[in-house]
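As provided, data_32.cif (mmCIF, C-alpha atoms) reads as follows.
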```
data_model
loop_
_atom_site.label_atom_id
_atom_site.label_comp_id
_atom_site.auth_asym_id
_atom_site.auth_seq_id
_atom_site.Cartn_x
_atom_site.Cartn_y
_atom_site.Cartn_z
CA MET A 1 12.99 -16.12 2.84
CA SER A 2 15.89 -13.75 2.10
CA ASP A 3 15.53 -14.22 -1.69
CA ARG A 4 12.16 -12.51 -1.87
CA THR A 5 10.93 -8.95 -1.67
CA PHE A 6 9.24 -7.76 1.52
CA ASN A 7 6.31 -5.43 0.79
CA ILE A 8 5.45 -2.73 3.30
CA LEU A 9 2.28 -0.63 3.15
CA PHE A 10 2.22 2.64 5.09
CA ILE A 11 -1.29 3.86 5.87
CA CYS A 12 -2.61 7.24 6.89
CA THR A 13 -6.08 8.65 6.53
CA GLY A 14 -5.40 11.12 3.71
CA ASN A 15 -2.30 9.55 2.12
CA SER A 16 -0.98 13.03 1.42
CA ALA A 17 1.89 13.56 3.88
CA ARG A 18 3.10 11.03 6.51
CA SER A 19 2.46 7.83 4.57
CA ILE A 20 3.87 9.41 1.41
CA LEU A 21 7.01 10.43 3.34
CA ALA A 22 7.40 6.91 4.77
CA GLU A 23 6.92 5.21 1.40
CA ALA A 24 9.45 7.41 -0.38
CA LEU A 25 11.98 7.29 2.47
CA LEU A 26 11.90 3.50 2.78
CA ASN A 27 12.24 2.99 -0.97
CA HIS A 28 15.18 5.41 -0.96
CA MET A 29 16.88 3.90 2.11
CA ALA A 30 16.26 0.19 1.46
CA ARG A 31 19.42 -1.88 1.69
CA GLY A 32 17.78 -5.07 0.64
CA PRO A 33 14.72 -6.65 -0.87
CA PHE A 34 12.13 -4.13 0.34
CA LYS A 35 9.37 -2.32 -1.53
CA ALA A 36 7.24 0.31 0.17
CA TYR A 37 3.79 1.50 -0.77
CA SER A 38 1.39 3.99 0.81
CA ALA A 39 -2.36 4.44 0.89
CA GLY A 40 -5.15 6.13 2.77
CA SER A 41 -8.51 5.16 4.18
CA HIS A 42 -9.94 8.43 2.84
CA PRO A 43 -7.28 9.65 0.38
CA ALA A 44 -6.98 13.37 -0.22
CA GLY A 45 -6.38 12.76 -3.92
CA VAL A 46 -3.29 14.97 -3.95
CA VAL A 47 0.12 14.80 -2.32
CA ASN A 48 0.84 17.68 0.04
CA PRO A 49 3.34 20.00 -1.70
CA TYR A 50 5.30 20.39 1.54
CA ALA A 51 5.80 16.61 1.64
CA LEU A 52 7.27 16.75 -1.85
CA LYS A 53 9.52 19.70 -0.92
CA THR A 54 10.68 17.87 2.21
CA LEU A 55 11.55 14.73 0.27
CA GLU A 56 13.44 16.83 -2.24
CA LYS A 57 15.47 18.41 0.60
CA PHE A 58 16.22 14.90 1.89
CA GLY A 59 17.47 13.94 -1.57
CA VAL A 60 14.60 11.52 -2.16
CA ASP A 61 12.87 11.13 -5.51
CA ALA A 62 9.10 11.33 -5.07
CA SER A 63 8.13 11.87 -8.70
CA ALA A 64 5.87 8.79 -8.65
CA ALA A 65 4.09 9.76 -5.40
CA ARG A 66 0.31 9.80 -5.56
CA SER A 67 -2.52 9.80 -3.05
CA LYS A 68 -4.50 6.54 -3.31
CA SER A 69 -7.00 4.39 -1.46
CA TRP A 70 -6.04 1.38 0.61
CA ASN A 71 -8.64 -0.51 -1.42
CA GLU A 72 -6.00 -0.83 -4.15
CA PHE A 73 -4.05 -3.13 -1.82
CA ALA A 74 -7.00 -5.31 -0.81
CA LYS A 75 -7.63 -6.48 -4.38
CA PRO A 76 -6.64 -9.98 -5.51
CA ASP A 77 -4.00 -8.65 -7.93
CA ALA A 78 -2.36 -6.35 -5.34
CA PRO A 79 1.17 -7.06 -4.09
CA ALA A 80 1.29 -9.53 -1.20
CA LEU A 81 1.92 -7.45 1.92
CA ASP A 82 4.36 -8.51 4.62
CA PHE A 83 3.89 -5.42 6.82
CA VAL A 84 1.10 -2.88 7.18
CA ILE A 85 2.11 0.13 9.26
CA THR A 86 -0.19 2.98 10.24
CA VAL A 87 1.55 6.33 10.70
CA CYS A 88 -1.36 8.42 11.95
CA ASP A 89 -3.52 7.89 15.00
CA GLN A 90 -6.82 8.19 13.15
CA ALA A 91 -6.00 5.37 10.69
CA ALA A 92 -4.76 3.19 13.57
CA GLY A 93 -8.24 3.15 15.04
CA GLU A 94 -10.12 2.52 11.78
CA VAL A 95 -11.38 -0.84 10.67
CA CYS A 96 -8.90 -1.91 8.01
CA PRO A 97 -9.56 -4.20 5.08
CA VAL A 98 -8.61 -7.83 5.54
CA TRP A 99 -5.09 -8.02 4.17
CA PRO A 100 -4.38 -11.30 2.36
CA GLY A 101 -1.46 -13.28 3.75
CA GLN A 102 -1.71 -12.05 7.36
CA PRO A 103 0.91 -9.28 7.26
CA ILE A 104 2.48 -7.99 10.45
CA LEU A 105 0.53 -4.94 11.62
CA ALA A 106 2.15 -2.08 13.54
CA HIS A 107 1.51 1.54 14.45
CA TRP A 108 4.24 4.17 14.07
CA GLY A 109 2.24 7.29 14.95
CA ALA A 110 3.66 10.66 14.00
CA PRO A 111 2.30 14.20 14.36
CA ASP A 112 0.41 15.46 11.32
CA PRO A 113 2.63 18.05 9.62
CA ALA A 114 -0.22 18.95 7.26
CA LYS A 115 -1.88 20.65 10.24
CA ALA A 116 1.11 22.95 10.73
CA THR A 117 0.47 26.66 10.41
CA GLY A 118 2.72 29.66 10.10
CA THR A 119 5.27 30.72 7.56
CA ASP A 120 6.54 28.41 4.84
CA GLU A 121 9.70 27.99 6.91
CA GLU A 122 7.73 26.99 10.02
CA ILE A 123 5.60 24.51 8.07
CA MET A 124 8.66 23.03 6.38
CA SER A 125 10.25 22.64 9.80
CA GLN A 126 7.30 20.51 10.96
CA PHE A 127 7.50 18.35 7.83
CA ALA A 128 11.26 17.93 8.33
CA LYS A 129 10.74 16.82 11.95
CA VAL A 130 8.20 14.18 10.93
CA ALA A 131 10.40 13.02 8.05
CA ALA A 132 13.36 12.70 10.45
CA LEU A 133 11.24 10.64 12.87
CA LEU A 134 10.09 8.34 10.06
CA ARG A 135 13.63 8.06 8.68
CA HIS A 136 14.85 7.02 12.15
CA ARG A 137 12.16 4.35 12.46
CA ILE A 138 12.77 3.09 8.93
CA ASP A 139 16.49 2.84 9.66
CA LEU A 140 15.68 0.69 12.72
CA PHE A 141 13.30 -1.41 10.62
CA LEU A 142 15.90 -1.96 7.90
CA SER A 143 18.44 -3.07 10.51
CA LEU A 144 16.21 -5.93 11.70
CA PRO A 145 17.40 -9.41 10.70
CA ILE A 146 13.98 -10.11 9.19
CA SER A 147 14.83 -13.46 7.63
CA LYS A 148 16.30 -14.73 10.93
CA LEU A 149 13.55 -13.69 13.35
CA GLU A 150 10.57 -15.82 14.26
CA ARG A 151 7.26 -14.17 13.39
CA LEU A 152 6.37 -13.30 17.01
CA ALA A 153 9.76 -11.69 17.65
CA LEU A 154 9.54 -9.78 14.37
CA ASP A 155 6.00 -8.64 15.19
CA GLN A 156 7.14 -7.31 18.58
CA ALA A 157 10.24 -5.64 17.11
CA VAL A 158 8.28 -3.83 14.41
CA LYS A 159 5.68 -2.66 16.94
CA HIS A 160 8.42 -1.47 19.32
CA ILE A 161 9.93 0.71 16.56
CA GLY A 162 6.73 2.78 16.66
CA GLN A 163 7.59 3.82 20.23
CA THR A 164 11.04 5.17 19.37
CA ALA A 165 12.11 8.70 18.64
CA PRO A 166 15.42 10.01 17.28
#
```
Would you mind giving the structure from this file in structure tokens?
Amino acid sequence: MSDRTFNILFICTGNSARSILAEALLNHMARGPFKAYSAGSHPAGVVNPYALKTLEKFGVDASAARSKSWNEFAKPDAPALDFVITVCDQAAGEVCPVWPGQPILAHWGAPDPAKATGTDEEIMSQFAKVAALLRHRIDLFLSLPISKLERLALDQAVKHIGQTAP
């Protein structure tokens, strides 16, 4: 199991901020065979510019980031998913496509920084807080001995990460 790549899909409704942050952060932080993707149930079609600025401040390349539908990952030629993680409360309650391969499903809810108002500095602060929360959870995820855990234990561990805060 340790010789293969583990695919993680982060889902949010608009796929413009939180899921984009999570995808880019995990791909940047991965210390092993992990590949992150992101998608939305109702994609905005554009990545929030504050998300891109935040990733840049975190030293993360997000040049390939794009807002896309989760339907791309329900197609027969899509990457086989090992984990599907919702990062916003609205997407957590939506009826998701049937993911081939029975991936582990978890919810790592985070406040929506795209709803932040105020000065550029105040909005950037909200994006930085959400990015720090996601980075913390991703760090916990990457520390799991995935290839050594039974599925039930792994399922519980990944779900528990969604209840943690830095």
message: Which residues are close to Val98 of chain A, i.e. within 12 Å by only C-alpha atoms, leaving aside same-chain residues fewer than 2 positions away? Reply as a PyMOL selection string.
response: chain A and resi 70-71+73-76+81+84+95-96+100-103+105
The selected residues should be written to file as a JSON list (two decimals), in the frame of the given file (atoms: C-alpha atoms).
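The result, stored in part-v3.json:
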```json
[["chain", "number", "residue", "atom", "x", "y", "z"],
["A", 70, "TRP", "CA", -6.04, 1.38, 0.61],
["A", 71, "ASN", "CA", -8.64, -0.51, -1.42],
["A", 73, "PHE", "CA", -4.05, -3.13, -1.82],
["A", 74, "ALA", "CA", -7.00, -5.31, -0.81],
["A", 75, "LYS", "CA", -7.63, -6.48, -4.38],
["A", 76, "PRO", "CA", -6.64, -9.98, -5.51],
["A", 81, "LEU", "CA", 1.92, -7.45, 1.92],
["A", 84, "VAL", "CA", 1.10, -2.88, 7.18],
["A", 95, "VAL", "CA", -11.38, -0.84, 10.67],
["A", 96, "CYS", "CA", -8.90, -1.91, 8.01],
["A", 100, "PRO", "CA", -4.38, -11.30, 2.36],
["A", 101, "GLY", "CA", -1.46, -13.28, 3.75],
["A", 102, "GLN", "CA", -1.71, -12.05, 7.36],
["A", 103, "PRO", "CA", 0.91, -9.28, 7.26],
["A", 105, "LEU", "CA", 0.53, -4.94, 11.62]]
```
If we count all atoms listed in the file, what is near Arg66 of chain A at a cut-off of 8 Å, once residues fewer than 3 positions away on the same chain are taken out, given as a tab-separated table (two decimals) with C-alpha atoms, in the frame of the given file?
```tsv
chain	number	residue	atom	x	y	z
A	16	SER	CA	-0.98	13.03	1.42
A	20	ILE	CA	3.87	9.41	1.41
A	45	GLY	CA	-6.38	12.76	-3.92
A	46	VAL	CA	-3.29	14.97	-3.95
A	47	VAL	CA	0.12	14.80	-2.32
```
- prompt: By how many Å are atom CA of Asp61 of chain A and atom CA of Ala24 of chain A apart?
  reply: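 Distance between the two atoms: 7.2 Å.
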task: Using all atoms listed in the file, pick whichever of A:Glu150, A:Asp3, A:Asp120, A:Glu23 has the shortest atom-to-atom distance to Thr86 of chain A.
output: A:Glu23
task: Tell me which residues the PyMOL selection byres ((chain A and resi 137) around 10) grabs here, as a PyMOL selection string.
output: chain A and resi 22+26+108+131-136+138-143+158+160-166
Suppose we keep C-alpha atoms; can you now write the selection as an mmCIF file, in the coordinates of the input?
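The result, stored in result.cif:
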```cif
data_model
loop_
_atom_site.group_PDB
_atom_site.id
_atom_site.type_symbol
_atom_site.label_atom_id
_atom_site.label_comp_id
_atom_site.auth_asym_id
_atom_site.auth_seq_id
_atom_site.Cartn_x
_atom_site.Cartn_y
_atom_site.Cartn_z
ATOM 1 C CA ALA A 22 7.400 6.910 4.770
ATOM 2 C CA LEU A 26 11.900 3.500 2.780
ATOM 3 C CA TRP A 108 4.240 4.170 14.070
ATOM 4 C CA ALA A 131 10.400 13.020 8.050
ATOM 5 C CA ALA A 132 13.360 12.700 10.450
ATOM 6 C CA LEU A 133 11.240 10.640 12.870
ATOM 7 C CA LEU A 134 10.090 8.340 10.060
ATOM 8 C CA ARG A 135 13.630 8.060 8.680
ATOM 9 C CA HIS A 136 14.850 7.020 12.150
ATOM 10 C CA ILE A 138 12.770 3.090 8.930
ATOM 11 C CA ASP A 139 16.490 2.840 9.660
ATOM 12 C CA LEU A 140 15.680 0.690 12.720
ATOM 13 C CA PHE A 141 13.300 -1.410 10.620
ATOM 14 C CA LEU A 142 15.900 -1.960 7.900
ATOM 15 C CA SER A 143 18.440 -3.070 10.510
ATOM 16 C CA VAL A 158 8.280 -3.830 14.410
ATOM 17 C CA HIS A 160 8.420 -1.470 19.320
ATOM 18 C CA ILE A 161 9.930 0.710 16.560
ATOM 19 C CA GLY A 162 6.730 2.780 16.660
ATOM 20 C CA GLN A 163 7.590 3.820 20.230
ATOM 21 C CA THR A 164 11.040 5.170 19.370
ATOM 22 C CA ALA A 165 12.110 8.700 18.640
ATOM 23 C CA PRO A 166 15.420 10.010 17.280
#
```
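For the residues A:Ile8, A:Ala116, A:Ala17, A:Leu149, ranking by smallest atom-to-atom distance to Lys35 of chain A using all atoms listed in the file places A:Ile8 first.
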- request: Run the PyMOL selection byres ((chain A and resi 12) around 12) against the file shown and list the residues it catches, as an MDAnalysis selection string.
  value: chainID A and resid 9:11 13:23 37:44 67:70 84:94 96 107:112 114
field: Selection result for the PyMOL selection byres ((chain A and resi 126) around 10) on this file, as an MDAnalysis selection string
entry: chainID A and resid 50 54 111:117 121:125 127:132
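You will find atom CA of Phe6 of chain A at 4.8 Å from atom CA of Phe34 of chain A.
Atom pair atom CA of Arg4 of chain A / atom CA of Ala36 of chain A: separated by 13.9 Å.
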